[in-house]
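Let me begin by presenting the structure, written as structure tokens, before commenting on it.
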Amino acid sequence: MKKNRLLENYYKLSREQRIQWKKYLCVLGTAFLLFLLLINLLHSCGREEPGAPETEEALPQHIPVVRELKNVWITEAEAGQITLFCDGVRETYDLDTEANEAGRLPTPDQMREQLADVELTDDLVSAVILKTEKFTGRVLSADESGIEIEGRGRIPLAEDYKGYRLYRELTMCTTEDLRFGYMDADFIRENDEICGILLAREDNMDKIRVLIKTSDFSDVLHQTVTLTAESDFLLQYGTGEEMQEELFSRGDEVTIDTDSDYFVGERIRIVPTVLTGRVRLINVNRSQGTPSYRGHIELLRTADGIAVVNELPLEEYLYSVVPSEMPASYPLEALKAQAICARTYAYGHMLRAGYPRYGAHVDDSTSYQVYNNITEADSATTAVKETYGQMILTDEGTVANTYYYSTSCGVGTTANVWKTAEAEALDYLKSSRLNPESLMETDGGAIAADSNEVNGDAGPEDLREEEAFRDFITETHAEDYEAQEGWYRWTYTVKEIDVDRIVETLKKRYEANGKLILTLKDDDYVSQNIKAFSKVNDISVVKRGPGGVADEMVIVTDKGTFKVISEYNIRAVLCDGVTKVVRQDGSEVAMPNLLPSAFFVIEPSHDKKNVVGYNIIGGGFGHGVGMSQNGAKNMALQGLGAEQILNFFYEGCEICSGQ
């Protein structure tokens, strides 16, 4: 009510009176503000003397930003700055002037090309802890938990270790880049752990380390090893200064299990006293009988058994690989092509070992290259010697992936059949028809013709179509290099379908790679555990790759629909382990695990709505990628040399001498 009366009184005033009233209020407000300012000044003067510096509370405190870089590589050091390389990035930082002038930092000469922990305060180098306890040694095995060094045993890796490749371009590296059997790296130790790996040089690698599997290649670890040698031999055991050796006479047998007293350290070495001596593994059985091995043998004790590793010169390794992979009776030019392929393949795995835990580059089975299953043969050894050091390199200068297989059906395919990340980059592994008319002569020799069709025949891309491939595979083509080979055409007739085995195989292949065994759900294929079924309603190939290879297959059952992807999985699922393959020459061959190839058409037989069996018409033996060995044989018989053969199968690559 009072507010309303004041407003009424205000509006009763004349215009001149209201203006005077506003001026009065403005003067009064200004005076009040000046009064408050004066009180504030008096308060400040009572707290500090005139001219006194501001207290710490009056200014915001600076909190320095401190970072610690662990195990970095110092590439350069000067009077006022250093350059660091870590995690693939090169950065230059100024030194903290106060710390540097006070002598709390190492000198530039001390810091240059060293591993260190570096502390940065506000991006200035305030502390450098150099790590100079280096050692070197022959690497025997390595993984992300530790590295085994000859004479030192296994040394654990620090959780924050860093690896640097110092030759060529400075890059980061890991234990996967270590080369087993070689001494080309320095290691930096801190608190009894390896905190740094320095790959210092690129040696000419001439020795390979092969993991020898048990009899019939059934396991990678042996429970007991019995051996002898064709000469006197040394048994070496222990580590470092505790290394001991015992001399045995030619023919003496030694049996070693995981409880053997010789396992003082992690490894035992059996070394013939002469370079041409061989160690015989009595507990191992191969096609040739009891195998003997060049070089020396190492036994590594693990919690599950003994790993047997054979180290020997790469060229001598090939003496046993070539006849194990290709019949020694084949033409010399074919054997030479095989030797170059095998050497290239082996060297690629020497650069990136397949068994880092055991310190082996490869094993001796079909998982890599079959080694020492067949005795050495003079023709194969001649092929190795005449191609000494020759390997296949890509147009980028890298070691080529020289895949090979037994026999084609008249056409090959590409590496995409394996559904791997690297397949797209292997563009030199092309799908081509394998007959003389598919060759195109160049200055470098014969290569596959670029055209999709040769003299009107269906080309590799045409054969993706079901009808075109059916027409191709159900006939023979006399002009094909391998038209007379037994595996060129074959049939596989399953009279009674084994549903339980199909379910079991689907589950195993799903466990191996769930992305390649899919289940239909809501109109889309998804990766999920395979459910058991009792009836198969239909089986069909729904997608083919270059050359007509089966790429995707669908199985319709009473409990769901499944898609099987990749040639290997398809071959595994359709093989019942009992039915024999009938080759085109009438011979029958047992196939316990895989169909001969995925170049086939399938004809299911039905009883009402269920599949009771199926007939397969196929061709070729193997995955169909890279060099066909029987193709190489017949090309050699028609006068082509090893270089021409390899130029055809590995288009755009180059054969280079030396390693």
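Starting from 1 in every chain, residues are counted up; chains themselves are A, B, ... following the order of the structure tokens, and ligands are numbered from 1 as listed.
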
Exercise: Trp487 of chain A partners within 9 Å, only C-alpha atoms, chain neighbours under 6 positions left out, as a ChimeraX atom specification: /A:406-409,583-585,596,619-621

Go ahead and save the picked residues with C-alpha atoms, as a PDB file, in the first residue's frame.
```pdb
ATOM      1  CA  SER A 406      50.055 -79.525 -55.721  1.00  0.00           C
ATOM      2  CA  THR A 407      47.773 -79.423 -58.765  1.00  0.00           C
ATOM      3  CA  SER A 408      45.368 -77.028 -60.452  1.00  0.00           C
ATOM      4  CA  CYS A 409      42.085 -77.847 -62.151  1.00  0.00           C
ATOM      5  CA  ARG A 583      40.768 -89.441 -59.222  1.00  0.00           C
ATOM      6  CA  GLN A 584      40.352 -89.191 -62.987  1.00  0.00           C
ATOM      7  CA  ASP A 585      42.730 -92.141 -63.472  1.00  0.00           C
ATOM      8  CA  PRO A 596      41.258 -82.172 -52.232  1.00  0.00           C
ATOM      9  CA  GLY A 619      39.403 -80.704 -59.784  1.00  0.00           C
ATOM     10  CA  GLY A 620      42.865 -79.894 -58.487  1.00  0.00           C
ATOM     11  CA  PHE A 621      44.608 -80.580 -55.204  1.00  0.00           C
TER      12      PHE A 621
END
```

Strand (DSSP E) call set, DSSP backbone run, segment 188-363 of chain A, as a PyMOL selection string: chain A and resi 188-190+193-199+207-212+224-229+233-237+244-248+254-257+267-272+279-281+292-293+296-302+305-313+362-363

Atomic distance atom CA of Cys575 of chain A - atom CA of Lys531 of chain A, expressed in Å with one decimal: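 Atom-to-atom, atom CA of Cys575 of chain A to atom CA of Lys531 of chain A, that is 19.7 Å.
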
Of the listed residues A:Glu479, A:Glu68, A:Glu376, A:Glu133, that which approaches Thr121 of chain A most closely, counting only C-alpha atoms: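 Of the candidates, the smallest distance to Thr121 of chain A is held by A:Glu68.
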
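Between atom CA of Thr136 of chain A and atom CA of Glu190 of chain A there is a distance of 14.5 Å.
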
Spatial neighbours of segment 148-152 of chain A, max dist 8 Å, only C-alpha atoms, sep filter under 3 positions, as a ChimeraX atom specification: /A:137-142,155,239-241,243

Point-to-point distance in Å for atom CA of Thr382 of chain A and atom CA of Val271 of chain A: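 One can read the atom CA of Val271 of chain A to atom CA of Thr382 of chain A distance as 26.5 Å.
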
Test item: residues at most 10 Å from Thr255 of chain A, only C-alpha atoms, excluding those fewer than 6 positions along its chain, as JSON, numbers by chain: {"A": [224, 225, 226, 227, 228, 282, 283]}

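Taking only C-alpha atoms into account, Leu234 of chain A lies nearest to A:Arg269 out of the set A:Ala478, A:Arg269, A:Leu520, A:Asp257.
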
Residue with smallest distance to Asp206 of chain A - pool A:Tyr388, A:Leu275, A:Glu253, A:Lys134, counting only C-alpha atoms: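 Comparing A:Tyr388, A:Leu275, A:Glu253, A:Lys134 against Asp206 of chain A, the winner is A:Tyr388.
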
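Closest approach to Gly586 of chain A among A:Ser231, A:Thr491, A:Ser534, A:Ser367: A:Thr491, based on only C-alpha atoms.
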
Set the distance at 8 Å and use only C-alpha atoms: which residues neighbour segment 458-465 of chain A once local chain neighbours fewer than 3 positions away are removed? I'd like the list as a PDB file with C-alpha atoms, in the first residue's frame.
```
ATOM      1  CA  VAL A 411      42.868 -72.394 -63.239  1.00  0.00           C
ATOM      2  CA  GLY A 412      44.180 -70.831 -60.033  1.00  0.00           C
ATOM      3  CA  THR A 413      42.742 -68.285 -57.623  1.00  0.00           C
ATOM      4  CA  SER A 431      43.995 -66.101 -60.865  1.00  0.00           C
ATOM      5  CA  SER A 432      45.049 -67.407 -64.280  1.00  0.00           C
ATOM      6  CA  ARG A 433      44.283 -70.221 -66.683  1.00  0.00           C
ATOM      7  CA  SER A 451      42.685 -61.010 -70.852  1.00  0.00           C
ATOM      8  CA  ASN A 452      39.842 -62.710 -69.050  1.00  0.00           C
ATOM      9  CA  GLU A 453      39.241 -65.032 -71.967  1.00  0.00           C
ATOM     10  CA  VAL A 454      41.757 -67.073 -73.910  1.00  0.00           C
ATOM     11  CA  ALA A 468      30.033 -71.244 -66.311  1.00  0.00           C
ATOM     12  CA  PHE A 469      32.035 -73.037 -63.634  1.00  0.00           C
ATOM     13  CA  PHE A 472      34.212 -75.862 -66.963  1.00  0.00           C
ATOM     14  CA  LYS A 543      29.403 -67.533 -53.925  1.00  0.00           C
ATOM     15  CA  ARG A 544      32.518 -68.314 -55.926  1.00  0.00           C
ATOM     16  CA  GLY A 545      35.842 -66.529 -56.079  1.00  0.00           C
ATOM     17  CA  PRO A 546      38.162 -65.969 -59.066  1.00  0.00           C
ATOM     18  CA  GLY A 547      38.686 -69.210 -60.965  1.00  0.00           C
ATOM     19  CA  GLY A 548      35.420 -70.604 -59.621  1.00  0.00           C
ATOM     20  CA  VAL A 549      36.708 -71.630 -56.186  1.00  0.00           C
TER      21      VAL A 549
END
```

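The smallest atom-to-atom distance between Gln638 of chain A and any of A:Ala334, A:Val573, A:Val625, A:Val582, using only C-alpha atoms, is found for A:Ala334.
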
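With distances restricted to only C-alpha atoms, A:Ile473 is the closest residue to Ile617 of chain A from A:Leu335, A:Ile473, A:Val554, A:Leu434.
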
Test item: residues at most 12 Å from Gln81 of chain A, only C-alpha atoms, excluding those fewer than 5 positions along its chain, as number ranges by chain: A: 74-76, 91-97, 100, 105-108, 111-112, 123-126, 128
